[in-house]
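K.L.:
What follows is model_4.txt, made up of compact mmCIF, C-alpha atoms:
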```txt
# COMPACT_ATOMS: atom_id res chain seq x y z
CA MET A 643 -13.01 -13.06 36.96
CA ARG A 644 -16.26 -11.55 35.70
CA LEU A 645 -15.45 -8.10 34.36
CA PHE A 646 -18.05 -7.80 31.68
CA HIS A 647 -21.56 -6.52 31.57
CA PRO A 648 -23.99 -9.37 30.90
CA THR A 649 -25.39 -7.63 27.81
CA ALA A 650 -22.04 -7.26 26.06
CA ARG A 651 -21.84 -8.93 22.66
CA PRO A 652 -20.67 -12.57 22.78
CA CYS A 653 -17.28 -12.03 21.16
CA ASN A 654 -16.23 -9.27 23.50
CA ALA A 655 -12.94 -9.01 25.37
CA VAL A 656 -13.72 -11.76 27.89
CA ALA A 657 -12.22 -14.30 25.54
CA VAL A 658 -9.19 -12.07 25.03
CA LEU A 659 -8.31 -10.71 28.47
CA ILE A 660 -9.08 -13.69 30.63
CA LEU A 661 -8.13 -16.32 28.08
CA ILE A 662 -10.92 -18.68 29.01
CA GLY A 663 -11.76 -19.69 25.47
CA ILE A 664 -13.63 -18.48 22.45
CA THR A 665 -17.28 -17.53 22.96
CA VAL A 666 -19.61 -18.94 20.34
CA LEU A 667 -23.37 -18.70 19.75
CA MET A 668 -24.33 -20.48 16.56
CA GLU A 669 -24.50 -24.20 15.88
CA GLY A 670 -24.31 -26.16 12.69
CA GLY A 671 -23.05 -25.16 9.29
CA CYS A 672 -23.14 -27.19 6.09
CA ASP A 673 -20.74 -29.16 3.99
CA ARG A 674 -20.05 -26.49 1.39
CA SER A 675 -19.23 -23.92 4.10
CA THR A 676 -16.04 -25.78 4.96
CA ASP A 677 -14.64 -25.04 1.47
CA PRO A 678 -13.38 -21.44 1.57
CA ALA A 679 -13.15 -21.24 -2.22
CA ALA A 680 -16.90 -21.90 -2.50
CA ILE A 681 -17.99 -18.84 -0.50
CA ASP A 682 -20.10 -16.41 -2.53
CA PRO A 683 -20.29 -13.00 -0.79
CA ASN A 684 -23.59 -12.27 -2.54
CA ASP A 685 -25.18 -15.44 -1.18
CA MET A 686 -26.24 -14.63 2.37
CA VAL A 687 -27.07 -18.25 3.11
CA ALA A 688 -23.55 -19.29 2.09
CA MET A 689 -22.00 -16.45 4.09
CA HIS A 690 -23.92 -17.37 7.23
CA ALA A 691 -23.07 -21.03 6.72
CA ALA A 692 -19.39 -20.16 6.44
CA MET A 693 -19.55 -18.04 9.59
CA ASN A 694 -21.28 -20.90 11.38
CA ALA A 695 -18.47 -23.17 10.22
CA VAL A 696 -15.89 -20.85 11.78
CA GLU A 697 -17.84 -20.88 15.04
CA ALA A 698 -18.06 -24.67 14.99
CA ALA A 699 -14.36 -25.04 14.24
CA LEU A 700 -13.46 -22.71 17.11
CA ARG A 701 -15.73 -24.62 19.45
CA SER A 702 -14.07 -27.93 18.58
CA ALA A 703 -10.56 -26.41 18.70
CA ARG A 704 -9.96 -26.86 14.96
CA ILE A 705 -8.18 -23.54 14.86
CA ASP A 706 -6.49 -23.99 11.48
CA ASP A 707 -9.83 -24.73 9.83
CA ALA A 708 -11.41 -21.73 11.53
CA ALA A 709 -8.61 -19.44 10.40
CA ARG A 710 -8.72 -20.77 6.85
CA ILE A 711 -12.44 -20.10 6.46
CA ALA A 712 -12.34 -16.76 8.28
CA THR A 713 -9.46 -15.55 6.14
CA ARG A 714 -11.39 -16.44 2.99
CA LEU A 715 -14.44 -14.62 4.33
CA THR A 716 -12.45 -11.42 4.70
CA GLN A 717 -11.07 -11.88 1.19
CA VAL A 718 -14.45 -12.29 -0.50
CA ALA A 719 -16.18 -9.73 1.74
CA PRO A 720 -13.45 -7.16 2.53
CA THR A 721 -15.85 -4.68 4.17
CA ASN A 722 -17.74 -7.16 6.34
CA GLY A 723 -17.07 -6.35 9.99
CA ASP A 724 -18.40 -9.69 11.23
CA ALA A 725 -15.92 -11.54 9.03
CA PHE A 726 -13.00 -9.58 10.44
CA GLU A 727 -14.25 -10.13 13.97
CA LEU A 728 -14.30 -13.88 13.36
CA LEU A 729 -10.80 -13.70 11.92
CA ALA A 730 -9.66 -11.81 15.00
CA ARG A 731 -11.06 -14.50 17.25
CA THR A 732 -9.27 -17.23 15.33
CA GLN A 733 -6.02 -15.31 15.80
CA ILE A 734 -6.69 -15.00 19.53
CA ALA A 735 -7.18 -18.77 19.63
CA THR A 736 -3.93 -19.20 17.69
CA ALA A 737 -2.12 -17.00 20.20
CA LEU A 738 -3.49 -19.05 23.09
CA GLY A 739 -2.11 -22.23 21.57
CA ALA A 740 1.24 -20.84 20.42
CA ASN A 741 4.31 -22.73 21.61
CA SER A 742 6.77 -19.90 21.06
CA ALA A 743 6.85 -16.22 21.94
CA SER A 744 7.32 -15.22 18.30
CA ALA A 745 4.29 -17.23 17.13
CA ARG A 746 2.20 -15.84 19.99
CA ASP A 747 3.22 -12.25 19.27
CA SER A 748 2.56 -12.65 15.56
CA ALA A 749 -0.94 -13.98 16.25
CA ARG A 750 -1.62 -11.15 18.69
CA GLN A 751 -0.58 -8.60 16.07
CA ALA A 752 -2.87 -10.26 13.53
CA ALA A 753 -5.75 -10.28 16.02
CA ALA A 754 -5.30 -6.59 16.77
CA SER A 755 -5.26 -5.76 13.07
CA ALA A 756 -8.38 -7.82 12.39
CA TYR A 757 -10.26 -6.27 15.31
CA ALA A 758 -9.34 -2.80 14.07
CA ARG A 759 -10.83 -3.67 10.69
CA ALA A 760 -13.91 -5.13 12.40
CA VAL A 761 -14.43 -1.83 14.22
CA GLN A 762 -13.92 0.08 10.98
CA PHE A 763 -16.61 -1.86 9.12
CA SER A 764 -19.14 -2.39 11.93
CA ALA A 765 -21.76 -0.21 13.53
CA PRO A 766 -20.56 1.39 16.79
CA ASN A 767 -20.59 -1.25 19.51
CA ALA A 768 -19.04 -0.98 22.95
CA GLY A 769 -18.32 -4.71 23.29
CA LEU A 770 -16.50 -4.85 19.97
CA LEU A 771 -14.53 -1.71 20.81
CA ASN A 772 -13.54 -3.23 24.13
CA ALA A 773 -12.37 -6.41 22.40
CA ALA A 774 -10.39 -4.33 19.93
CA GLY A 775 -8.81 -2.44 22.82
CA VAL A 776 -7.76 -5.60 24.61
CA ALA A 777 -6.33 -7.04 21.39
CA ALA A 778 -4.40 -3.84 20.74
CA GLN A 779 -3.07 -3.90 24.29
CA GLY A 780 -2.02 -7.53 23.83
CA ALA A 781 -0.12 -6.46 20.72
CA ASN A 782 1.55 -3.69 22.74
CA ASP A 783 -0.25 -0.93 20.82
CA ILE A 784 -1.27 0.94 23.94
CA ALA A 785 -2.19 4.16 22.15
CA SER A 786 -4.79 2.37 20.01
CA ALA A 787 -6.06 0.47 23.05
CA ILE A 788 -6.71 3.74 24.88
CA VAL A 789 -8.63 5.09 21.87
CA PHE A 790 -10.81 1.99 21.68
CA PHE A 791 -11.52 1.96 25.43
CA THR A 792 -12.38 5.67 25.33
CA ARG A 793 -14.89 5.11 22.54
CA ALA A 794 -16.37 2.10 24.34
CA GLY A 795 -16.87 4.20 27.47
CA GLU A 796 -18.57 6.93 25.50
CA LEU A 797 -21.04 4.43 24.05
CA ASP A 798 -21.65 2.63 27.35
CA PRO A 799 -20.87 5.07 30.18
CA ALA A 800 -22.56 3.02 32.92
CA ASN A 801 -20.39 -0.05 32.35
CA ALA A 802 -17.45 -0.30 34.75
CA GLN A 803 -15.43 -2.54 32.45
CA HIS A 804 -14.53 0.36 30.16
CA PRO A 805 -12.87 2.67 32.71
CA LEU A 806 -11.30 -0.42 34.29
CA PHE A 807 -9.62 -1.44 31.07
CA MET A 808 -8.83 2.17 30.31
CA GLY A 809 -7.12 2.48 33.67
CA LEU A 810 -5.02 -0.60 33.02
CA ALA A 811 -3.95 0.70 29.62
CA LEU A 812 -3.16 4.16 30.97
CA ALA A 813 -1.08 2.60 33.72
CA GLN A 814 0.83 0.60 31.14
CA ALA A 815 1.46 3.84 29.26
CA GLY A 816 2.86 5.42 32.42
CA ARG A 817 0.00 7.90 32.76
CA THR A 818 -0.48 7.12 36.42
CA ASP A 819 -2.72 10.00 37.49
CA GLU A 820 -5.13 9.39 34.60
CA ALA A 821 -5.03 5.66 35.31
CA LYS A 822 -5.95 6.16 38.94
CA SER A 823 -8.82 8.47 37.97
CA ALA A 824 -10.19 5.89 35.52
CA LEU A 825 -9.93 3.08 38.08
CA LEU A 826 -11.68 5.15 40.74
CA ARG A 827 -14.47 5.78 38.21
CA ALA A 828 -14.72 2.04 37.60
CA ARG A 829 -14.90 1.43 41.33
CA ALA A 830 -17.69 3.98 41.70
CA LEU A 831 -19.66 2.35 38.89
CA ASP A 832 -19.30 -1.14 40.35
CA PRO A 833 -18.42 -0.93 44.06
CA LEU A 834 -18.92 -4.69 44.54
CA SER A 835 -16.30 -5.64 41.96
CA PRO A 836 -12.84 -6.48 43.32
CA TRP A 837 -11.01 -5.72 40.08
CA PRO A 838 -10.78 -1.92 40.26
CA LEU A 839 -9.40 -2.27 43.79
CA SER A 840 -6.94 -4.90 42.63
CA ALA A 841 -5.76 -2.63 39.82
CA LEU A 842 -5.47 0.29 42.23
CA SER A 843 -3.36 -1.94 44.45
CA ALA A 844 -0.99 -2.60 41.56
CA GLY A 845 -0.74 1.13 40.92
CA GLU A 846 0.16 1.85 44.53
CA LEU A 847 2.74 -0.93 44.49
CA ASN A 848 4.35 0.48 41.35
CA ALA A 849 4.43 3.88 43.02
CA GLY A 850 6.31 2.43 45.97
CA ASN A 851 3.38 2.50 48.38
CA ALA A 852 3.44 -1.15 49.43
CA VAL A 853 1.46 -0.65 52.65
CA GLN A 854 -1.41 1.03 50.79
CA ALA A 855 -1.17 -1.59 48.05
CA LEU A 856 -1.54 -4.34 50.63
CA ALA A 857 -4.60 -2.70 52.16
CA LEU A 858 -6.29 -2.35 48.76
CA ALA A 859 -5.44 -5.91 47.78
CA ARG A 860 -6.94 -7.27 50.99
CA GLU A 861 -10.06 -5.15 50.54
CA ALA A 862 -10.41 -6.53 47.02
CA ARG A 863 -10.15 -10.08 48.27
CA THR A 864 -12.94 -9.56 50.79
CA LEU A 865 -15.27 -8.79 47.88
CA ASP A 866 -14.62 -12.19 46.26
CA PRO A 867 -12.86 -14.43 48.80
CA ARG A 868 -13.23 -17.55 46.65
CA ASN A 869 -11.24 -16.12 43.76
CA ASP A 870 -7.76 -17.57 44.11
CA GLU A 871 -6.07 -15.09 41.77
CA LEU A 872 -7.07 -12.17 43.98
CA ARG A 873 -4.40 -13.41 46.38
CA VAL A 874 -1.68 -12.50 43.88
CA PRO A 875 -1.74 -8.70 44.40
CA GLU A 876 -1.69 -9.31 48.15
CA ALA A 877 1.29 -11.64 47.73
CA LYS A 878 3.13 -9.07 45.60
CA ALA A 879 2.64 -6.39 48.25
CA LEU A 880 3.78 -8.74 51.01
CA ARG A 881 6.85 -9.69 49.01
CA LYS A 882 7.69 -6.02 48.48
CA LEU A 883 7.49 -5.59 52.24
CA GLN A 884 9.91 -8.55 52.63
CA ARG A 885 7.21 -10.59 54.39
CA HIS A 886 7.99 -13.75 52.43
CA GLU A 887 6.76 -16.23 55.03
CA GLU A 888 3.37 -14.55 54.90
CA VAL A 889 3.34 -14.96 51.13
CA LEU A 890 3.80 -18.70 51.55
CA THR A 891 1.16 -18.88 54.28
CA LEU A 892 -1.27 -17.04 52.00
CA LEU A 893 -0.66 -19.10 48.87
CA LEU A 894 0.17 -22.55 50.22
CA ALA A 895 -3.25 -22.54 51.89
CA LEU A 896 -4.72 -22.95 48.41
CA PRO A 897 -5.49 -26.42 47.05
CA PRO A 898 -2.75 -27.95 44.86
CA GLN A 899 -4.65 -27.31 41.62
CA ALA A 900 -4.91 -23.59 42.36
CA ARG A 901 -1.18 -23.45 42.95
CA LEU A 902 -0.73 -24.45 39.32
CA ILE A 903 -2.09 -21.11 38.16
CA GLU A 904 0.89 -19.36 36.59
CA SER A 905 0.74 -16.12 38.59
CA ILE A 906 0.34 -18.03 41.86
CA ALA A 907 3.14 -20.48 41.07
CA TRP A 908 5.41 -17.56 40.25
CA GLU A 909 4.74 -15.82 43.57
CA ILE A 910 5.32 -19.02 45.55
CA ALA A 911 8.57 -19.71 43.72
CA ALA A 912 9.73 -16.11 44.13
CA ALA A 913 8.99 -16.21 47.86
CA TYR A 914 10.98 -19.42 48.25
CA GLU A 915 13.87 -17.87 46.33
CA SER A 916 13.83 -14.77 48.51
CA LEU A 917 14.03 -17.04 51.57
CA GLY A 918 17.00 -18.86 50.05
CA ASP A 919 15.12 -22.11 49.44
CA ASN A 920 16.03 -22.50 45.78
CA ILE A 921 15.12 -26.19 45.64
CA SER A 922 11.52 -25.52 46.67
CA ALA A 923 11.42 -22.60 44.24
CA ALA A 924 12.56 -24.84 41.39
CA GLN A 925 10.15 -27.64 42.32
CA THR A 926 7.24 -25.20 42.49
CA TRP A 927 7.94 -23.66 39.12
CA ALA A 928 8.72 -26.97 37.42
CA ARG A 929 5.24 -28.24 38.28
CA TRP A 930 3.77 -25.29 36.37
CA ALA A 931 6.26 -25.64 33.51
CA GLU A 932 5.28 -29.28 33.02
CA ILE A 933 1.69 -28.42 32.18
CA SER A 934 2.14 -25.06 30.48
CA GLY A 935 3.79 -26.15 27.25
CA SER A 936 5.54 -22.79 27.25
CA ALA A 937 9.16 -22.28 26.21
CA ASP A 938 9.37 -19.34 28.64
CA ALA A 939 8.22 -21.51 31.56
CA ALA A 940 10.73 -24.24 30.68
CA ALA A 941 13.54 -21.69 30.45
CA ASP A 942 12.66 -20.33 33.87
CA ALA A 943 12.58 -23.88 35.25
CA ALA A 944 16.10 -24.40 33.90
CA ARG A 945 17.24 -21.16 35.51
CA ARG A 946 15.69 -22.05 38.87
CA TRP A 947 17.22 -25.55 38.87
CA THR A 948 20.59 -23.98 38.04
CA ASN A 949 20.16 -21.66 41.02
CA ALA A 950 19.28 -24.71 43.13
CA GLY A 951 22.48 -26.46 42.08
CA ASP A 952 20.79 -29.40 40.36
CA LEU A 953 22.57 -29.39 37.02
CA VAL A 954 20.85 -32.56 35.82
CA GLN A 955 17.40 -31.03 36.19
CA ALA A 956 18.71 -27.74 34.77
CA SER A 957 20.04 -29.51 31.68
CA THR A 958 16.77 -31.40 31.21
CA TRP A 959 14.70 -28.23 31.37
CA ARG A 960 17.13 -26.38 29.11
CA GLN A 961 16.55 -29.10 26.53
CA VAL A 962 12.77 -28.85 26.99
CA ALA A 963 12.96 -25.07 26.55
CA ARG A 964 14.81 -25.47 23.28
CA GLN A 965 12.40 -28.13 22.08
CA ARG A 966 9.60 -25.67 22.76
CA GLY A 967 11.34 -23.01 20.66
CA TRP A 968 13.57 -21.22 23.18
CA THR A 969 16.61 -19.47 21.66
CA ASP A 970 17.74 -16.93 24.27
CA ASP A 971 20.34 -18.84 26.28
CA ASP A 972 21.23 -15.73 28.31
CA ARG A 973 17.92 -16.18 30.18
CA LEU A 974 19.07 -19.62 31.34
CA LYS A 975 21.95 -18.26 33.39
CA VAL A 976 21.89 -17.97 37.19
CA VAL A 977 20.18 -14.81 38.34
CA ALA A 978 19.50 -13.19 41.71
CA PRO A 979 16.18 -13.99 43.44
CA GLN A 980 13.19 -11.88 42.46
CA GLN A 981 12.58 -9.00 44.86
```
As structure tokens, how would this structure be written, given the file I've shared?

P.N.:
Amino acid sequence: MRLFHPTARPCNAVAVLILIGITVLMEGGCDRSTDPAAIDPNDMVAMHAAMNAVEAALRSARIDDAARIATRLTQVAPTNGDAFELLARTQIATALGANSASARDSARQAAASAYARAVQFSAPNAGLLNAAGVAAQGANDIASAIVFFTRAGELDPANAQHPLFMGLALAQAGRTDEAKSALLRARALDPLSPWPLSALSAGELNAGNAVQALALAREARTLDPRNDELRVPEAKALRKLQRHEEVLTLLLALPPQARLIESIAWEIAAAYESLGDNISAAQTWARWAEISGSADAAADAARRWTNAGDLVQASTWRQVARQRGWTDDDRLKVVAPQQ
């Protein structure tokens, strides 16, 4: 999903919203840069070496090392926007690797706070503001997200990503008319992008206009037919219209690997449940839960196997959920199929 203008700064919201990794530019570093206590804020060579070390640690998935050095950078240089931006990125990486909802939410809060400080201490930059907005939205601070997206749009009015993200945040805040206006502006700025249409589809679905949502979702998919995730809004609209067989036709046509995308696996499982095929629903979701490492996914697998009547599988997945940090046993009870 390419939402971002090619000239946006490298640590913009791509890494946050789409969760495809941490963008890095610089190579190298030196031995002393890996010792946070040795950083001298008045030594620009040492500061750059330490920043390079954070980049290298992120690139090699040594998140704890990256966070340790980035935290020290913000301590010795408490008004350095680049240091806070690096710290924010380490917290995003921490959130991506979190095994529990509480750890994930804590890291998201820390990322949002660090991005806000980065904005405070940096020259105005639309990419950084966008990243701060996405981080704030991830931390459920929608009001701050809207402020950041507004400022980003003012600095870069020709870039469709800003009204797109603004529209998504406004929709989350329940400001539906403003959200639709922002998304239409994004569509006008980038008529070949499917994402404003996809977001407009979600808005129509939430408003109860499933037929219009389906039309928008299908139009979006024609703009990028190879993008598997663009089938999800179409599936949601079809499911709302009780056309569950069509959901399965749409999504089971994808290769097996694509069906392991979380949003796609969820729609397939939900369609099976709505058709009364709880065993297929449980099997579908369990395949995703196996690879996700998520306590939430394991808990939902336990629930689906309970619905399917396989108490052995349900017990196994309940144990996995608890091993992954799950504590809310109420979620593991039998529930009605998703509608």

K.L.:
Using only C-alpha atoms, which residues sit within 12 Å of Asp707 of chain A once same-chain residues fewer than 2 positions away are excluded, as a VMD selection string?

P.N.:
chain A and resid 675 to 678 692 to 693 695 to 705 709 to 714 729 732 to 733 735 to 736

K.L.:
With all atoms listed in the file counted, which protein, DNA or RNA residues have an atom no more than 9 Å from (-2.3, -0.9, 41.2) in the file frame? Please answer as a list in words.

P.N.:
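Here is the list of nearby residues: Leu810, Ala813, Lys822, Pro838, Leu839, Ser840, Ala841, Leu842, Ser843, Ala844, Gly845, Glu846, Leu847, Asn848, Ala849, Ala855, Leu858, Ala859 and Pro875 of chain A.
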
K.L.:
Separation of atom CA of Ala785 of chain A and atom CA of Gln814 of chain A, in Å?

P.N.:
10.1 Å

K.L.:
Mind giving me the straight-line distance from atom CA of Trp908 of chain A to atom CA of Leu896 of chain A in Å, one decimal?

P.N.:
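Distance reported for this atom pair: 14.1 Å.
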
K.L.:
So that I can see what lies close to Ala719 of chain A, please list as a list of chain:residue names the residues with an atom at most 10 Å from it, counting only C-alpha atoms and leaving out residues fewer than 6 positions away in the same chain.

P.N.:
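The contact residues come out as A:Ile681, A:Asp682, A:Pro683, A:Asn684, A:Met689, A:Thr713, A:Ala725, A:Phe726.
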
K.L.:
Limited to C-alpha atoms, could you put the picked residues into a file as a compact mmCIF listing (two decimals), in the frame of the given file?

P.N.:
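The resulting result-v5.txt:
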```txt
# COMPACT_ATOMS: atom_id res chain seq x y z
CA ILE A 681 -17.99 -18.84 -0.50
CA ASP A 682 -20.10 -16.41 -2.53
CA PRO A 683 -20.29 -13.00 -0.79
CA ASN A 684 -23.59 -12.27 -2.54
CA MET A 689 -22.00 -16.45 4.09
CA THR A 713 -9.46 -15.55 6.14
CA ALA A 725 -15.92 -11.54 9.03
CA PHE A 726 -13.00 -9.58 10.44
```

K.L.:
How many Å separate atom CA of Ala794 of chain A from atom CA of Gly816 of chain A?

P.N.:
21.1 Å

K.L.:
Just checking: using all atoms listed in the file, which residue out of A:Arg827, A:Arg746, A:Arg793, A:Arg964 ends up closest to Val761 of chain A?

P.N.:
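Using all atoms listed in the file, the shortest distance to Val761 of chain A belongs to A:Arg793.
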